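Participant: Just one file: work14.cif, with mmCIF, C-alpha atoms.
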data_entry
#
loop_
_atom_site.group_PDB
_atom_site.id
_atom_site.type_symbol
_atom_site.label_atom_id
_atom_site.label_comp_id
_atom_site.auth_asym_id
_atom_site.auth_seq_id
_atom_site.Cartn_x
_atom_site.Cartn_y
_atom_site.Cartn_z
ATOM 1 C CA MET R 1 67.369 74.359 43.874
ATOM 2 C CA GLU R 2 67.632 71.250 46.030
ATOM 3 C CA ALA R 3 69.858 69.347 43.583
ATOM 4 C CA LEU R 4 72.191 72.341 43.268
ATOM 5 C CA HIS R 5 72.296 72.767 47.029
ATOM 6 C CA GLU R 6 73.282 69.120 47.441
ATOM 7 C CA LYS R 7 76.081 69.444 44.852
ATOM 8 C CA MET R 8 77.545 72.460 46.597
ATOM 9 C CA GLU R 9 77.045 71.273 50.163
ATOM 10 C CA THR R 10 78.656 67.888 49.418
ATOM 11 C CA CYS R 11 81.825 69.699 48.369
ATOM 12 C CA CYS R 12 81.691 72.072 51.363
ATOM 13 C CA ARG R 13 81.099 69.188 53.767
ATOM 14 C CA GLU R 14 84.124 67.356 52.423
ATOM 15 C CA LEU R 15 86.321 70.415 52.902
ATOM 16 C CA ARG R 16 85.051 71.000 56.434
ATOM 17 C CA SER R 17 86.426 67.588 57.395
ATOM 18 C CA ALA R 18 89.663 67.901 55.382
ATOM 19 C CA PRO R 19 92.999 68.204 57.231
ATOM 20 C CA LEU R 20 94.084 71.733 58.141
ATOM 21 C CA ARG R 21 97.109 71.648 55.809
ATOM 22 C CA VAL R 22 94.847 70.790 52.863
ATOM 23 C CA ARG R 23 92.417 73.617 53.681
ATOM 24 C CA ARG R 24 95.347 76.034 53.921
ATOM 25 C CA LEU R 25 96.578 74.934 50.500
ATOM 26 C CA ILE R 26 93.109 75.603 49.133
ATOM 27 C CA GLY R 27 93.001 78.922 50.996
ATOM 28 C CA LEU R 28 89.904 78.065 53.015
ATOM 29 C CA GLN R 29 89.572 78.829 56.713
ATOM 30 C CA ARG R 30 85.883 78.206 57.173
ATOM 31 C CA VAL R 31 82.690 77.463 55.226
ATOM 32 C CA THR R 32 79.298 77.235 56.925
ATOM 33 C CA PRO R 33 75.729 77.067 55.568
ATOM 34 C CA VAL R 34 73.453 80.047 56.109
ATOM 35 C CA ALA R 35 69.872 79.493 57.284
ATOM 36 C CA ILE R 36 67.924 81.508 54.691
ATOM 37 C CA GLU R 37 65.330 80.521 52.076
ATOM 38 C CA VAL R 38 67.909 79.858 49.332
ATOM 39 C CA PRO R 39 71.179 77.880 49.312
ATOM 40 C CA ALA R 40 73.882 80.098 50.814
ATOM 41 C CA TRP R 41 77.202 79.792 52.621
ATOM 42 C CA TYR R 42 79.520 81.988 54.656
ATOM 43 C CA PHE R 43 83.235 81.793 53.870
ATOM 44 C CA ARG R 44 86.450 82.865 55.546
ATOM 45 C CA LEU R 45 89.556 82.717 53.361
ATOM 46 C CA GLU R 46 93.192 82.495 54.388
ATOM 47 C CA GLU R 47 94.360 85.668 52.655
ATOM 48 C CA ALA R 48 91.223 87.819 52.588
ATOM 49 C CA PRO R 49 90.713 90.061 55.653
ATOM 50 C CA GLY R 50 86.955 89.835 55.703
ATOM 51 C CA ALA R 51 84.013 87.461 55.358
ATOM 52 C CA TYR R 52 82.021 86.316 52.338
ATOM 53 C CA LEU R 53 78.449 85.351 51.597
ATOM 54 C CA LEU R 54 77.775 83.163 48.557
ATOM 55 C CA GLU R 55 74.036 83.281 47.886
ATOM 56 C CA CYS R 56 72.122 81.380 45.195
ATOM 57 C CA VAL R 57 69.815 83.690 43.243
ATOM 58 C CA GLY R 58 68.677 81.230 40.582
ATOM 59 C CA ALA R 59 68.963 77.577 39.597
ATOM 60 C CA GLY R 60 67.718 75.369 36.794
ATOM 61 C CA GLU R 61 68.524 72.828 34.115
ATOM 62 C CA LEU R 62 70.204 73.399 30.758
ATOM 63 C CA GLY R 63 70.038 71.170 27.689
ATOM 64 C CA GLY R 64 67.637 68.566 26.406
ATOM 65 C CA LYS R 65 66.842 64.897 26.735
ATOM 66 C CA GLY R 66 69.778 62.753 27.792
ATOM 67 C CA SER R 67 72.090 65.714 28.328
ATOM 68 C CA VAL R 68 70.818 67.970 31.093
ATOM 69 C CA SER R 69 73.231 70.180 33.031
ATOM 70 C CA LEU R 70 72.512 71.615 36.452
ATOM 71 C CA ALA R 71 73.144 75.375 36.620
ATOM 72 C CA GLY R 72 73.178 77.932 39.397
ATOM 73 C CA ASN R 73 73.715 81.689 39.628
ATOM 74 C CA PHE R 74 75.199 83.146 42.806
ATOM 75 C CA THR R 75 75.742 86.606 44.236
ATOM 76 C CA VAL R 76 79.038 87.168 46.054
ATOM 77 C CA ARG R 77 79.033 89.581 48.986
ATOM 78 C CA PHE R 78 82.245 90.625 50.721
ATOM 79 C CA PHE R 79 82.237 92.097 54.222
ATOM 80 C CA PRO R 80 85.720 93.599 54.697
ATOM 81 C CA THR R 81 87.382 94.004 58.067
ATOM 82 C CA PRO R 82 87.115 97.751 58.878
ATOM 83 C CA GLY R 83 90.366 99.643 58.466
ATOM 84 C CA VAL R 84 92.240 96.679 57.007
ATOM 85 C CA THR R 85 90.970 95.942 53.511
ATOM 86 C CA PRO R 86 91.290 98.558 50.710
ATOM 87 C CA VAL R 87 87.844 97.804 49.277
ATOM 88 C CA VAL R 88 85.517 100.292 47.613
ATOM 89 C CA LEU R 89 82.415 100.684 49.793
ATOM 90 C CA SER R 90 79.553 103.133 49.680
ATOM 91 C CA ARG R 91 79.006 105.497 52.606
ATOM 92 C CA LYS R 92 76.022 103.448 53.799
ATOM 93 C CA GLU R 93 78.035 100.221 53.561
ATOM 94 C CA CYS R 94 80.856 101.749 55.612
ATOM 95 C CA ILE R 95 78.442 102.848 58.341
ATOM 96 C CA LEU R 96 76.693 99.484 58.358
ATOM 97 C CA ARG R 97 79.938 97.493 58.487
ATOM 98 C CA ARG R 98 81.108 99.416 61.563
ATOM 99 C CA SER R 99 77.784 99.009 63.352
ATOM 100 C CA ARG R 100 76.313 96.253 65.501
ATOM 101 C CA ALA R 101 74.838 94.759 62.328
ATOM 102 C CA PHE R 102 77.892 92.461 62.310
ATOM 103 C CA ASP R 103 79.039 89.986 64.932
ATOM 104 C CA GLY R 104 82.559 89.549 66.306
ATOM 105 C CA ASP R 105 83.496 87.154 63.497
ATOM 106 C CA GLY R 106 82.610 89.698 60.828
ATOM 107 C CA PHE R 107 79.371 88.040 59.667
ATOM 108 C CA PRO R 108 76.019 89.885 59.484
ATOM 109 C CA ARG R 109 73.704 89.283 62.405
ATOM 110 C CA PRO R 110 70.572 87.394 61.272
ATOM 111 C CA GLU R 111 68.269 90.354 61.885
ATOM 112 C CA TYR R 112 70.334 92.520 59.475
ATOM 113 C CA LEU R 113 71.063 89.980 56.746
ATOM 114 C CA GLU R 114 67.714 90.451 54.987
ATOM 115 C CA LEU R 115 68.312 94.217 54.811
ATOM 116 C CA ILE R 116 71.744 93.650 53.274
ATOM 117 C CA ARG R 117 70.344 91.249 50.688
ATOM 118 C CA ARG R 118 67.289 93.358 49.850
ATOM 119 C CA ARG R 119 69.328 96.520 49.265
ATOM 120 C CA ASP R 120 72.129 94.599 47.552
ATOM 121 C CA TYR R 121 74.833 95.899 49.867
ATOM 122 C CA PHE R 122 78.437 94.602 49.728
ATOM 123 C CA ALA R 123 77.988 92.945 46.310
ATOM 124 C CA ALA R 124 81.369 91.897 44.876
ATOM 125 C CA GLY R 125 80.320 89.971 41.788
ATOM 126 C CA ASP R 126 78.287 87.138 40.337
ATOM 127 C CA ILE R 127 79.392 83.540 39.930
ATOM 128 C CA SER R 128 77.675 81.022 37.657
ATOM 129 C CA ILE R 129 78.351 77.313 38.049
ATOM 130 C CA ILE R 130 77.287 74.573 35.612
ATOM 131 C CA PHE R 131 77.509 70.867 36.424
ATOM 132 C CA PRO R 132 77.366 68.838 33.156
ATOM 133 C CA PRO R 133 75.783 65.372 33.244
ATOM 134 C CA ARG R 134 79.105 63.681 32.373
ATOM 135 C CA GLY R 135 80.835 65.199 35.391
ATOM 136 C CA GLY R 136 83.115 68.140 35.988
ATOM 137 C CA ALA R 137 82.055 71.752 36.392
ATOM 138 C CA LEU R 138 82.246 75.141 34.695
ATOM 139 C CA PHE R 139 82.716 78.352 36.711
ATOM 140 C CA HIS R 140 82.149 81.897 35.429
ATOM 141 C CA LEU R 141 82.769 85.150 37.316
ATOM 142 C CA ASN R 142 81.524 88.657 36.574
ATOM 143 C CA GLU R 143 83.300 90.881 39.065
ATOM 144 C CA ASP R 144 82.293 94.237 40.520
ATOM 145 C CA ASP R 145 84.870 96.843 41.555
ATOM 146 C CA ARG R 146 85.765 95.438 44.986
ATOM 147 C CA SER R 147 89.566 95.212 44.609
ATOM 148 C CA GLY R 148 89.555 91.576 43.544
ATOM 149 C CA ALA R 149 87.320 90.311 46.352
ATOM 150 C CA GLY R 150 85.074 88.378 43.975
ATOM 151 C CA SER R 151 88.056 86.817 42.246
ATOM 152 C CA ASP R 152 89.462 85.601 45.581
ATOM 153 C CA LEU R 153 86.330 83.601 46.365
ATOM 154 C CA PHE R 154 85.996 82.442 42.757
ATOM 155 C CA HIS R 155 89.453 80.857 42.778
ATOM 156 C CA THR R 156 88.901 79.365 46.227
ATOM 157 C CA LEU R 157 85.748 77.658 44.931
ATOM 158 C CA VAL R 158 87.668 76.291 41.958
ATOM 159 C CA ARG R 159 90.378 74.908 44.267
ATOM 160 C CA MET R 160 87.688 73.336 46.455
ATOM 161 C CA PHE R 161 86.322 71.510 43.432
ATOM 162 C CA VAL R 162 89.817 70.455 42.333
ATOM 163 C CA PHE R 163 89.926 68.616 45.655
ATOM 164 C CA HIS R 164 86.338 67.371 45.415
ATOM 165 C CA LEU R 165 86.420 66.243 41.763
ATOM 166 C CA HIS R 166 89.951 64.789 41.937
ATOM 167 C CA SER R 167 90.921 66.668 38.764
ATOM 168 C CA THR R 168 92.378 69.930 37.514
ATOM 169 C CA PRO R 169 90.659 72.425 35.175
ATOM 170 C CA ALA R 170 91.098 72.013 31.428
ATOM 171 C CA VAL R 171 90.468 75.619 30.365
ATOM 172 C CA TRP R 172 90.952 79.010 32.032
ATOM 173 C CA THR R 173 90.134 82.166 30.091
ATOM 174 C CA ALA R 174 89.656 85.761 31.206
ATOM 175 C CA GLY R 175 88.710 89.197 29.938
ATOM 176 C CA THR R 176 87.993 92.594 31.454
ATOM 177 C CA GLY R 177 85.858 92.004 34.551
ATOM 178 C CA TRP R 178 85.268 88.310 33.938
ATOM 179 C CA GLN R 179 86.900 84.888 34.209
ATOM 180 C CA ALA R 180 85.828 81.376 33.238
ATOM 181 C CA ILE R 181 87.308 78.053 34.329
ATOM 182 C CA SER R 182 86.094 74.685 33.068
ATOM 183 C CA PHE R 183 87.018 71.192 34.223
ATOM 184 C CA LEU R 184 86.027 69.907 30.751
ATOM 185 C CA PRO R 185 87.259 71.015 27.313
ATOM 186 C CA ALA R 186 85.118 74.028 26.402
ATOM 187 C CA PRO R 187 85.950 75.685 23.054
ATOM 188 C CA HIS R 188 83.264 78.348 23.621
ATOM 189 C CA LEU R 189 85.414 79.820 26.417
ATOM 190 C CA ASN R 190 88.082 80.970 23.969
ATOM 191 C CA GLY R 191 86.643 84.487 23.715
ATOM 192 C CA GLY R 192 89.116 85.771 26.322
ATOM 193 C CA ALA R 193 92.831 85.452 26.931
ATOM 194 C CA VAL R 194 93.867 81.884 27.718
ATOM 195 C CA ARG R 195 95.627 81.627 31.079
ATOM 196 C CA GLU R 196 98.221 79.091 32.169
ATOM 197 C CA PRO R 197 97.185 76.405 34.689
ATOM 198 C CA LEU R 198 97.951 77.305 38.297
ATOM 199 C CA PRO R 199 100.564 75.084 40.027
ATOM 200 C CA VAL R 200 98.404 74.950 43.166
ATOM 201 C CA TRP R 201 95.808 72.863 41.315
ATOM 202 C CA GLN R 202 98.252 69.998 40.948
ATOM 203 C CA GLU R 203 99.570 70.545 44.474
ATOM 204 C CA ILE R 204 96.055 70.014 45.810
ATOM 205 C CA LEU R 205 95.772 66.676 43.993
ATOM 206 C CA VAL R 206 99.143 65.596 45.373
ATOM 207 C CA ALA R 207 98.070 66.561 48.894
ATOM 208 C CA ARG R 208 94.795 64.683 48.485
ATOM 209 C CA ALA R 209 96.598 61.541 47.312
ATOM 210 C CA ARG R 210 98.998 61.815 50.234
ATOM 211 C CA GLU R 211 96.111 62.101 52.685
ATOM 212 C CA ALA R 212 94.376 59.112 51.119
ATOM 213 C CA GLY R 213 97.569 57.094 51.538
ATOM 214 C CA GLU R 214 97.824 58.040 55.194
ATOM 215 C CA ASP R 215 94.226 56.988 55.749
ATOM 216 C CA SER R 216 94.587 53.580 54.063
ATOM 217 C CA PRO R 217 94.590 50.444 56.253
ATOM 218 C CA ASP R 218 98.064 49.422 55.055
ATOM 219 C CA CYS R 219 99.485 52.794 56.073
ATOM 220 C CA ARG R 220 97.821 52.782 59.477
ATOM 221 C CA THR R 221 99.142 49.346 60.379
ATOM 222 C CA ALA R 222 102.637 49.833 59.023
ATOM 223 C CA SER R 223 105.319 51.285 61.259
ATOM 224 C CA PRO R 224 106.927 53.494 60.217
ATOM 225 C CA CYS R 225 104.577 54.713 57.456
#
Let's see the structure in the file written out as structure tokens.
Facilitator:
Amino acid sequence: MEALHEKMETCCRELRSAPLRVRRLIGLQRVTPVAIEVPAWYFRLEEAPGAYLLECVGAGELGGKGSVSLAGNFTVRFFPTPGVTPVVLSRKECILRRSRAFDGDGFPRPEYLELIRRRDYFAAGDISIIFPPRGGALFHLNEDDRSGAGSDLFHTLVRMFVFHLHSTPAVWTAGTGWQAISFLPAPHLNGGAVREPLPVWQEILVARAREAGEDSPDCRTASPC
């Protein structure tokens, strides 16, 4: 899992240091690693009233000699803000979310996180990510009935990697309860309805190029820039 963790954390680290206007364009307020035995991160999104946990539940290699892809499977958990988010929760989840099991920022306290994971509370979907050896990435979402909560994090992750990989996705397909987005041509994704590229993907690249220009030595020494 170490190689997968490094792939993901490199992207998260880059976004943590990105300018605020870029993070807002991506829809990311906050991403922080979680100190558990597997790679995991907490997220806060701009337009989602609640907190997320992205937790790796399996990692490995796909392919053969000379063409090995790194793959990871993740569980998405969404912890909605009580009384604000119209999300389907069980009775036990509702009681737990309103208890002292959560801190003031809406994240589970460490002593309750293992219980939440063990009993699979607040699950909003599963995300698979494949990193091919030639670069790029492929994202796949299977979403539970949580009013689009899994999809919100899924698309935020894709936008994060648009910024990180300096490129826009080549294929976006979707069906009932699932979506797939690939940064490389992927004919095997054509089983669902093909979606149009999102304008924000290109906007992120433009914002990244603008930031790179502002950070260049020529720009810093010129006046006005």
Participant: Skip Pro169 (chain R) itself and residues of its chain fewer than 3 positions away, then list as a PyMOL selection string all residues within 8 Å of it, counting all atoms listed in the file.
Facilitator: chain R and resi 162+172+181-184+197
Participant: As a ChimeraX atom specification, please: the residues near Cys94 (chain R) (cut-off 12 Å, only C-alpha atoms, same-chain neighbours under 2 positions excluded).
Facilitator: /R:79-83,85-92,96-99,101-102,121-122
Participant: Which value, in Å to one decimal, gives the distance between CA of Leu205 (chain R) and CA of Ala170 (chain R)?
Facilitator: 14.4 Å
Participant: Which is closest to Trp41 (chain R) among R:Ala71, R:Leu153, R:Tyr112, R:Gly148, if we use only C-alpha atoms?
Facilitator: R:Leu153
Participant: Using all atoms listed in the file, which residue out of R:Glu14, R:Gln202, R:Ala51, R:Ala40 lies closest to Gly104 (chain R)?
Facilitator: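 Counting all atoms listed in the file, the residue closest to Gly104 (chain R) is R:Ala51.
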Participant: Quick check, in Å to one decimal: how far apart do CA of Glu111 (chain R) and CA of Val34 (chain R) lie?
Facilitator: 12.9 Å
Participant: Run through the PyMOL selection byres ((chain R and resi 126-140) around 8) on the given coordinates and return the selected residues as a PyMOL selection string.
Facilitator: chain R and resi 67-76+124-125+141-143+150+154+158+165+178-184
Participant: Restricting it to C-alpha atoms, dump the selection as a PDB file, keeping the file's coordinate frame.
Facilitator:
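Generated output (part_8.pdb):
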ATOM      1  CA  SER R  67      72.090  65.714  28.328  1.00  0.00           C
ATOM      2  CA  VAL R  68      70.818  67.970  31.093  1.00  0.00           C
ATOM      3  CA  SER R  69      73.231  70.180  33.031  1.00  0.00           C
ATOM      4  CA  LEU R  70      72.512  71.615  36.452  1.00  0.00           C
ATOM      5  CA  ALA R  71      73.144  75.375  36.620  1.00  0.00           C
ATOM      6  CA  GLY R  72      73.178  77.932  39.397  1.00  0.00           C
ATOM      7  CA  ASN R  73      73.715  81.689  39.628  1.00  0.00           C
ATOM      8  CA  PHE R  74      75.199  83.146  42.806  1.00  0.00           C
ATOM      9  CA  THR R  75      75.742  86.606  44.236  1.00  0.00           C
ATOM     10  CA  VAL R  76      79.038  87.168  46.054  1.00  0.00           C
ATOM     11  CA  ALA R 124      81.369  91.897  44.876  1.00  0.00           C
ATOM     12  CA  GLY R 125      80.320  89.971  41.788  1.00  0.00           C
ATOM     13  CA  LEU R 141      82.769  85.150  37.316  1.00  0.00           C
ATOM     14  CA  ASN R 142      81.524  88.657  36.574  1.00  0.00           C
ATOM     15  CA  GLU R 143      83.300  90.881  39.065  1.00  0.00           C
ATOM     16  CA  GLY R 150      85.074  88.378  43.975  1.00  0.00           C
ATOM     17  CA  PHE R 154      85.996  82.442  42.757  1.00  0.00           C
ATOM     18  CA  VAL R 158      87.668  76.291  41.958  1.00  0.00           C
ATOM     19  CA  LEU R 165      86.420  66.243  41.763  1.00  0.00           C
ATOM     20  CA  TRP R 178      85.268  88.310  33.938  1.00  0.00           C
ATOM     21  CA  GLN R 179      86.900  84.888  34.209  1.00  0.00           C
ATOM     22  CA  ALA R 180      85.828  81.376  33.238  1.00  0.00           C
ATOM     23  CA  ILE R 181      87.308  78.053  34.329  1.00  0.00           C
ATOM     24  CA  SER R 182      86.094  74.685  33.068  1.00  0.00           C
ATOM     25  CA  PHE R 183      87.018  71.192  34.223  1.00  0.00           C
ATOM     26  CA  LEU R 184      86.027  69.907  30.751  1.00  0.00           C
TER      27      LEU R 184
END
Participant: For a quick check of understanding, using only C-alpha atoms, which of R:Ala193, R:Ile95, R:Leu28, R:Val38 has the smallest distance to His155 (chain R)?
Facilitator: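 Nearest candidate to His155 (chain R) out of R:Ala193, R:Ile95, R:Leu28, R:Val38: R:Leu28.
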Participant: Find, counting all atoms listed in the file, the residue in R:Val206, R:Ala186, R:Met160, R:Val84 that gets nearest to Cys12 (chain R).
Facilitator: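 Closest to Cys12 (chain R) of all the choices is R:Met160.
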Participant: Could you check which of R:Leu45, R:Ala174, R:Thr168, R:Val57 is closest to Leu25 (chain R), using only C-alpha atoms?
Facilitator: R:Leu45
Participant: Just to confirm, what's the straight-line distance from CA of Arg44 (chain R) to CA of Arg30 (chain R) in Å (one decimal)?
Facilitator: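 CA of Arg44 (chain R) sits 5.0 Å away from CA of Arg30 (chain R).
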Participant: Evaluate the PyMOL selection byres ((chain R and resi 203) around 12) here and jot the selected residues down as JSON, numbers by chain.
Facilitator: {"R": [21, 22, 24, 25, 26, 159, 162, 163, 166, 167, 168, 197, 198, 199, 200, 201, 202, 204, 205, 206, 207, 208, 209, 210]}
Participant: Could you write out that same residue set with C-alpha atoms as a JSON list (two decimals), in the frame of the given file?
Facilitator:
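Saved file again-v2.json follows:
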[["chain", "number", "residue", "atom", "x", "y", "z"],
["R", 21, "ARG", "CA", 97.11, 71.65, 55.81],
["R", 22, "VAL", "CA", 94.85, 70.79, 52.86],
["R", 24, "ARG", "CA", 95.35, 76.03, 53.92],
["R", 25, "LEU", "CA", 96.58, 74.93, 50.50],
["R", 26, "ILE", "CA", 93.11, 75.60, 49.13],
["R", 159, "ARG", "CA", 90.38, 74.91, 44.27],
["R", 162, "VAL", "CA", 89.82, 70.46, 42.33],
["R", 163, "PHE", "CA", 89.93, 68.62, 45.66],
["R", 166, "HIS", "CA", 89.95, 64.79, 41.94],
["R", 167, "SER", "CA", 90.92, 66.67, 38.76],
["R", 168, "THR", "CA", 92.38, 69.93, 37.51],
["R", 197, "PRO", "CA", 97.18, 76.40, 34.69],
["R", 198, "LEU", "CA", 97.95, 77.31, 38.30],
["R", 199, "PRO", "CA", 100.56, 75.08, 40.03],
["R", 200, "VAL", "CA", 98.40, 74.95, 43.17],
["R", 201, "TRP", "CA", 95.81, 72.86, 41.32],
["R", 202, "GLN", "CA", 98.25, 70.00, 40.95],
["R", 204, "ILE", "CA", 96.06, 70.01, 45.81],
["R", 205, "LEU", "CA", 95.77, 66.68, 43.99],
["R", 206, "VAL", "CA", 99.14, 65.60, 45.37],
["R", 207, "ALA", "CA", 98.07, 66.56, 48.89],
["R", 208, "ARG", "CA", 94.80, 64.68, 48.48],
["R", 209, "ALA", "CA", 96.60, 61.54, 47.31],
["R", 210, "ARG", "CA", 99.00, 61.82, 50.23]]
Participant: From the set R:Glu211, R:Glu93, R:Glu114, R:Glu47, which residue has the shortest atom-to-atom contact distance to Ala35 (chain R), counting all atoms listed in the file?
Facilitator: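 Closest residue, counting all atoms listed in the file: R:Glu114.
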Participant: Determine, counting all atoms listed in the file, which protein, DNA and RNA residues have an atom within 7 Å of an atom of Met1 (chain R); residues of the same chain fewer than 3 positions away are not included. Present the result as a PyMOL selection string.
Facilitator: chain R and resi 4-5+59
Participant: Env of Cys11 (chain R): 8 Å cut, atoms = only C-alpha atoms, seq-sep filter 3 positions within chain, self excluded. Answer as a list in words.
Facilitator: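 Residues meeting the cut-off are Lys7, Met8, Glu14, Leu15, Met160, Phe161 and His164 of chain R.
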Participant: Can you patch up region 102-118 of chain R, filling it in to N, CA, C and O atoms, and show the result as a PDB file, in the coordinates of the input?
Facilitator:
ATOM      1  N   PHE R 102      76.970  93.587  62.511  1.00  0.00           N
ATOM      2  CA  PHE R 102      77.892  92.461  62.310  1.00  0.00           C
ATOM      3  C   PHE R 102      78.354  91.917  63.657  1.00  0.00           C
ATOM      4  O   PHE R 102      78.537  92.670  64.626  1.00  0.00           O
ATOM      5  N   ASP R 103      78.573  90.600  63.690  1.00  0.00           N
ATOM      6  CA  ASP R 103      79.039  89.986  64.932  1.00  0.00           C
ATOM      7  C   ASP R 103      80.558  90.052  65.028  1.00  0.00           C
ATOM      8  O   ASP R 103      81.234  90.617  64.150  1.00  0.00           O
ATOM      9  N   GLY R 104      81.120  89.476  66.083  1.00  0.00           N
ATOM     10  CA  GLY R 104      82.559  89.549  66.306  1.00  0.00           C
ATOM     11  C   GLY R 104      83.390  88.815  65.288  1.00  0.00           C
ATOM     12  O   GLY R 104      84.592  89.073  65.149  1.00  0.00           O
ATOM     13  N   ASP R 105      82.777  87.891  64.544  1.00  0.00           N
ATOM     14  CA  ASP R 105      83.496  87.154  63.497  1.00  0.00           C
ATOM     15  C   ASP R 105      83.404  87.832  62.141  1.00  0.00           C
ATOM     16  O   ASP R 105      83.954  87.329  61.162  1.00  0.00           O
ATOM     17  N   GLY R 106      82.706  88.965  62.083  1.00  0.00           N
ATOM     18  CA  GLY R 106      82.610  89.698  60.828  1.00  0.00           C
ATOM     19  C   GLY R 106      81.465  89.275  59.926  1.00  0.00           C
ATOM     20  O   GLY R 106      81.404  89.682  58.762  1.00  0.00           O
ATOM     21  N   PHE R 107      80.534  88.466  60.447  1.00  0.00           N
ATOM     22  CA  PHE R 107      79.371  88.040  59.667  1.00  0.00           C
ATOM     23  C   PHE R 107      78.144  88.864  60.071  1.00  0.00           C
ATOM     24  O   PHE R 107      78.013  89.267  61.235  1.00  0.00           O
ATOM     25  N   PRO R 108      77.231  89.120  59.133  1.00  0.00           N
ATOM     26  CA  PRO R 108      76.019  89.885  59.484  1.00  0.00           C
ATOM     27  C   PRO R 108      75.177  89.148  60.529  1.00  0.00           C
ATOM     28  O   PRO R 108      75.021  87.924  60.452  1.00  0.00           O
ATOM     29  N   ARG R 109      74.648  89.884  61.467  1.00  0.00           N
ATOM     30  CA  ARG R 109      73.704  89.283  62.405  1.00  0.00           C
ATOM     31  C   ARG R 109      72.425  88.930  61.634  1.00  0.00           C
ATOM     32  O   ARG R 109      72.051  89.637  60.690  1.00  0.00           O
ATOM     33  N   PRO R 110      71.760  87.844  62.023  1.00  0.00           N
ATOM     34  CA  PRO R 110      70.572  87.394  61.272  1.00  0.00           C
ATOM     35  C   PRO R 110      69.532  88.472  61.043  1.00  0.00           C
ATOM     36  O   PRO R 110      68.921  88.543  59.962  1.00  0.00           O
ATOM     37  N   GLU R 111      69.308  89.338  62.020  1.00  0.00           N
ATOM     38  CA  GLU R 111      68.269  90.354  61.885  1.00  0.00           C
ATOM     39  C   GLU R 111      68.628  91.456  60.880  1.00  0.00           C
ATOM     40  O   GLU R 111      67.769  92.246  60.479  1.00  0.00           O
ATOM     41  N   TYR R 112      69.910  91.523  60.460  1.00  0.00           N
ATOM     42  CA  TYR R 112      70.334  92.520  59.475  1.00  0.00           C
ATOM     43  C   TYR R 112      70.613  91.924  58.099  1.00  0.00           C
ATOM     44  O   TYR R 112      70.761  92.664  57.127  1.00  0.00           O
ATOM     45  N   LEU R 113      70.692  90.611  58.014  1.00  0.00           N
ATOM     46  CA  LEU R 113      71.063  89.980  56.746  1.00  0.00           C
ATOM     47  C   LEU R 113      70.032  90.250  55.658  1.00  0.00           C
ATOM     48  O   LEU R 113      70.391  90.507  54.499  1.00  0.00           O
ATOM     49  N   GLU R 114      68.757  90.206  55.982  1.00  0.00           N
ATOM     50  CA  GLU R 114      67.714  90.451  54.987  1.00  0.00           C
ATOM     51  C   GLU R 114      67.822  91.866  54.428  1.00  0.00           C
ATOM     52  O   GLU R 114      67.638  92.088  53.218  1.00  0.00           O
ATOM     53  N   LEU R 115      68.125  92.843  55.283  1.00  0.00           N
ATOM     54  CA  LEU R 115      68.312  94.217  54.811  1.00  0.00           C
ATOM     55  C   LEU R 115      69.466  94.291  53.819  1.00  0.00           C
ATOM     56  O   LEU R 115      69.358  94.930  52.765  1.00  0.00           O
ATOM     57  N   ILE R 116      70.568  93.646  54.145  1.00  0.00           N
ATOM     58  CA  ILE R 116      71.744  93.650  53.274  1.00  0.00           C
ATOM     59  C   ILE R 116      71.415  93.031  51.925  1.00  0.00           C
ATOM     60  O   ILE R 116      71.790  93.555  50.864  1.00  0.00           O
ATOM     61  N   ARG R 117      70.695  91.921  51.942  1.00  0.00           N
ATOM     62  CA  ARG R 117      70.344  91.249  50.688  1.00  0.00           C
ATOM     63  C   ARG R 117      69.344  92.072  49.883  1.00  0.00           C
ATOM     64  O   ARG R 117      69.474  92.214  48.666  1.00  0.00           O
ATOM     65  N   ARG R 118      68.341  92.619  50.549  1.00  0.00           N
ATOM     66  CA  ARG R 118      67.289  93.358  49.850  1.00  0.00           C
ATOM     67  C   ARG R 118      67.831  94.609  49.177  1.00  0.00           C
ATOM     68  O   ARG R 118      67.416  94.957  48.061  1.00  0.00           O
TER      69      ARG R 118
END
